[in-house]
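The structure under discussion appears below in the form of structure tokens.
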Amino acid sequence: MVRVYQGIGPVDAYMVRDWLDRNGIHAWMHGQHLMGACGELPISWPSVWVATDDEPRARAALTTYEQPQLVHPDWLCRCGETNGPAFGACWSCGAEPR
């Protein structure tokens, strides 16, 4: 096994492990049992490990994971209203984006 990620907080290693799993790469956590109880300082942050054969794919998946996320821009409806990226239809007239 090879360590591909060292956590920098109590949650990030879990998110990385889940990302790898969603990309078809089985990953194991180590060190989560060393975290202190709620409200205490941790002894060590968890790390993420994969099988040696999966290391190249895991590193490629982590490169994608660490890239900035695309943010969709506002869109202008044919009725003239500006809608935020979360709107799947115009808040004013109900039309969908073109």
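Chain lettering (A, B, ...) mirrors the order of the structure tokens, residue numbering begins at 1 for each chain separately, and ligand numbering begins at 1 in order of display.
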Which residues, written as a compact mmCIF listing (two decimals) with N, CA and C atoms, in the first residue's frame, have at least one atom at most 7 Å from region 13-26 of chain A, with only C-alpha atoms counted and residues fewer than 2 positions away on the same chain left out?
```txt
# COMPACT_ATOMS: atom_id res chain seq x y z
N GLN A 6 -2.22 12.95 2.82
CA GLN A 6 -2.15 13.17 4.26
C GLN A 6 -3.13 14.27 4.61
N GLY A 7 -4.07 13.98 5.48
CA GLY A 7 -5.08 14.95 5.85
C GLY A 7 -4.49 16.19 6.49
N VAL A 11 -11.70 16.36 8.36
CA VAL A 11 -12.69 15.88 7.40
C VAL A 11 -12.10 15.66 6.01
N TRP A 28 -8.08 3.22 1.57
CA TRP A 28 -8.19 2.93 2.99
C TRP A 28 -7.78 4.16 3.78
N PRO A 46 -5.97 11.91 9.79
CA PRO A 46 -5.98 10.67 9.01
C PRO A 46 -5.30 10.83 7.66
N SER A 47 -4.87 9.71 7.10
CA SER A 47 -4.27 9.70 5.77
C SER A 47 -5.02 8.68 4.90
N VAL A 48 -4.82 8.80 3.59
CA VAL A 48 -5.50 7.94 2.63
C VAL A 48 -4.45 7.10 1.90
N VAL A 50 -3.76 3.66 -0.90
CA VAL A 50 -4.29 2.81 -1.97
C VAL A 50 -3.31 1.68 -2.22
N ASP A 54 -2.61 0.81 -7.83
CA ASP A 54 -3.58 1.89 -8.09
C ASP A 54 -2.99 3.28 -7.91
N ALA A 58 -4.75 6.87 -8.78
CA ALA A 58 -5.13 7.67 -7.61
C ALA A 58 -4.52 9.07 -7.69
N ALA A 61 -6.42 11.05 -10.25
CA ALA A 61 -7.74 11.45 -9.72
C ALA A 61 -7.58 12.58 -8.71
```
* **Close residues, Ala95 (chain A) itself excluded, 9 Å, only C-alpha atoms, min 5 positions apart in chain, as a PyMOL selection string** => chain A and resi 77-79+88-90
Written file, previous selection with N, CA and C atoms, as a short mmCIF file (atom, residue, chain, number, x, y, z; two decimals), in the first residue's frame:
```cif
data_model
loop_
_atom_site.label_atom_id
_atom_site.label_comp_id
_atom_site.auth_asym_id
_atom_site.auth_seq_id
_atom_site.Cartn_x
_atom_site.Cartn_y
_atom_site.Cartn_z
N CYS A 77 -32.17 35.63 -19.24
CA CYS A 77 -33.36 35.02 -19.83
C CYS A 77 -33.83 35.86 -21.02
N ARG A 78 -34.59 35.23 -21.91
CA ARG A 78 -35.14 35.95 -23.07
C ARG A 78 -36.13 37.05 -22.64
N CYS A 79 -36.64 36.97 -21.39
CA CYS A 79 -37.54 38.03 -20.90
C CYS A 79 -36.75 39.22 -20.35
N GLY A 88 -32.55 26.78 -12.53
CA GLY A 88 -32.72 25.96 -13.73
C GLY A 88 -33.80 26.51 -14.63
N ALA A 89 -34.52 27.49 -14.13
CA ALA A 89 -35.55 28.18 -14.89
C ALA A 89 -35.60 29.62 -14.39
N CYS A 90 -36.05 30.51 -15.23
CA CYS A 90 -36.11 31.92 -14.87
C CYS A 90 -37.04 32.13 -13.68
#
```
* Pick the closest to Ala51 (chain A) from A:Leu76, A:Pro10, A:Ala27, A:Arg98: which is it, counting only C-alpha atoms? ->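 Using only C-alpha atoms, the shortest distance to Ala51 (chain A) belongs to A:Ala27.
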* To do: Have a look at A:Gly31, A:Gly94, A:Gly84, A:Pro68 and name the one nearest to Ser44 (chain A); count only C-alpha atoms.
  =>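 Using only C-alpha atoms, Ser44 (chain A) sits closest to A:Gly31.
The coordinates place CA of Thr52 (chain A) at 14.8 Å from CA of Met29 (chain A).
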* **Coordinates-based distance that separates CA of Met1 (chain A) from CA of Pro56 (chain A) (Å, one decimal)** => 12.4 Å
* Just asking: which residues within chain A are strand (DSSP E or B) according to DSSP, as an MDAnalysis selection string? -> chainID A and resid 2:6 27:30 47:50 75:76 82:83
Would you write out those residues with N, CA and C atoms, as a PDB file, in the first residue's frame?
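The resulting file, part_24.pdb, is shown below:
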```pdb
ATOM      1  N   VAL A   2       0.300   2.316  -0.555  1.00  0.00           N
ATOM      2  CA  VAL A   2       1.018   3.581  -0.694  1.00  0.00           C
ATOM      3  C   VAL A   2       0.128   4.709  -0.188  1.00  0.00           C
ATOM      4  N   ARG A   3       0.712   5.602   0.613  1.00  0.00           N
ATOM      5  CA  ARG A   3      -0.043   6.768   1.066  1.00  0.00           C
ATOM      6  C   ARG A   3      -0.086   7.769  -0.078  1.00  0.00           C
ATOM      7  N   VAL A   4      -1.313   8.201  -0.442  1.00  0.00           N
ATOM      8  CA  VAL A   4      -1.470   9.169  -1.516  1.00  0.00           C
ATOM      9  C   VAL A   4      -1.955  10.524  -1.009  1.00  0.00           C
ATOM     10  N   TYR A   5      -2.371  10.565   0.257  1.00  0.00           N
ATOM     11  CA  TYR A   5      -2.871  11.829   0.789  1.00  0.00           C
ATOM     12  C   TYR A   5      -2.717  11.843   2.300  1.00  0.00           C
ATOM     13  N   GLN A   6      -2.223  12.948   2.824  1.00  0.00           N
ATOM     14  CA  GLN A   6      -2.147  13.172   4.262  1.00  0.00           C
ATOM     15  C   GLN A   6      -3.128  14.272   4.610  1.00  0.00           C
ATOM     16  N   ALA A  27      -9.792   2.856  -1.557  1.00  0.00           N
ATOM     17  CA  ALA A  27      -8.841   3.558  -0.692  1.00  0.00           C
ATOM     18  C   ALA A  27      -9.126   3.215   0.762  1.00  0.00           C
ATOM     19  N   TRP A  28      -8.080   3.220   1.567  1.00  0.00           N
ATOM     20  CA  TRP A  28      -8.189   2.932   2.992  1.00  0.00           C
ATOM     21  C   TRP A  28      -7.776   4.155   3.784  1.00  0.00           C
ATOM     22  N   MET A  29      -8.386   4.296   4.939  1.00  0.00           N
ATOM     23  CA  MET A  29      -8.021   5.367   5.863  1.00  0.00           C
ATOM     24  C   MET A  29      -7.098   4.789   6.926  1.00  0.00           C
ATOM     25  N   HIS A  30      -6.102   5.553   7.298  1.00  0.00           N
ATOM     26  CA  HIS A  30      -5.237   5.214   8.427  1.00  0.00           C
ATOM     27  C   HIS A  30      -5.139   6.430   9.319  1.00  0.00           C
ATOM     28  N   SER A  47      -4.872   9.709   7.096  1.00  0.00           N
ATOM     29  CA  SER A  47      -4.272   9.697   5.768  1.00  0.00           C
ATOM     30  C   SER A  47      -5.017   8.682   4.904  1.00  0.00           C
ATOM     31  N   VAL A  48      -4.824   8.796   3.590  1.00  0.00           N
ATOM     32  CA  VAL A  48      -5.504   7.935   2.628  1.00  0.00           C
ATOM     33  C   VAL A  48      -4.446   7.104   1.904  1.00  0.00           C
ATOM     34  N   TRP A  49      -4.718   5.805   1.816  1.00  0.00           N
ATOM     35  CA  TRP A  49      -3.797   4.858   1.209  1.00  0.00           C
ATOM     36  C   TRP A  49      -4.518   4.064   0.126  1.00  0.00           C
ATOM     37  N   VAL A  50      -3.762   3.658  -0.898  1.00  0.00           N
ATOM     38  CA  VAL A  50      -4.291   2.811  -1.968  1.00  0.00           C
ATOM     39  C   VAL A  50      -3.311   1.682  -2.224  1.00  0.00           C
ATOM     40  N   TRP A  75     -27.059  33.799 -15.959  1.00  0.00           N
ATOM     41  CA  TRP A  75     -27.548  33.735 -17.337  1.00  0.00           C
ATOM     42  C   TRP A  75     -28.717  34.692 -17.521  1.00  0.00           C
ATOM     43  N   LEU A  76     -28.817  35.224 -18.740  1.00  0.00           N
ATOM     44  CA  LEU A  76     -29.838  36.200 -19.072  1.00  0.00           C
ATOM     45  C   LEU A  76     -30.982  35.493 -19.789  1.00  0.00           C
ATOM     46  N   THR A  82     -31.998  38.621 -15.221  1.00  0.00           N
ATOM     47  CA  THR A  82     -30.751  37.918 -14.930  1.00  0.00           C
ATOM     48  C   THR A  82     -31.030  36.897 -13.834  1.00  0.00           C
ATOM     49  N   ASN A  83     -30.561  35.665 -14.060  1.00  0.00           N
ATOM     50  CA  ASN A  83     -30.766  34.567 -13.114  1.00  0.00           C
ATOM     51  C   ASN A  83     -29.422  34.028 -12.645  1.00  0.00           C
TER      52      ASN A  83
END
```
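Scanning chain A with DSSP on the backbone, the helix (DSSP H, G or I) assignments fall on A:Asp12, A:Ala13, A:Tyr14, A:Met15, A:Val16, A:Arg17, A:Asp18, A:Trp19, A:Leu20, A:Asp21, A:Arg22, A:Gln32, A:His33, A:Leu34, A:Thr52, A:Asp53, A:Asp54, A:Glu55, A:Pro56, A:Arg57, A:Ala58, A:Arg59, A:Ala60, A:Ala61, A:Leu62, A:Thr63, A:Thr64, A:Tyr65.
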* Using CA of Cys93 (chain A) and CA of Asp74 (chain A) as the two end points, give the distance in Å to one decimal. =>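 Calculated distance between CA of Cys93 (chain A) and CA of Asp74 (chain A) is 16.0 Å.
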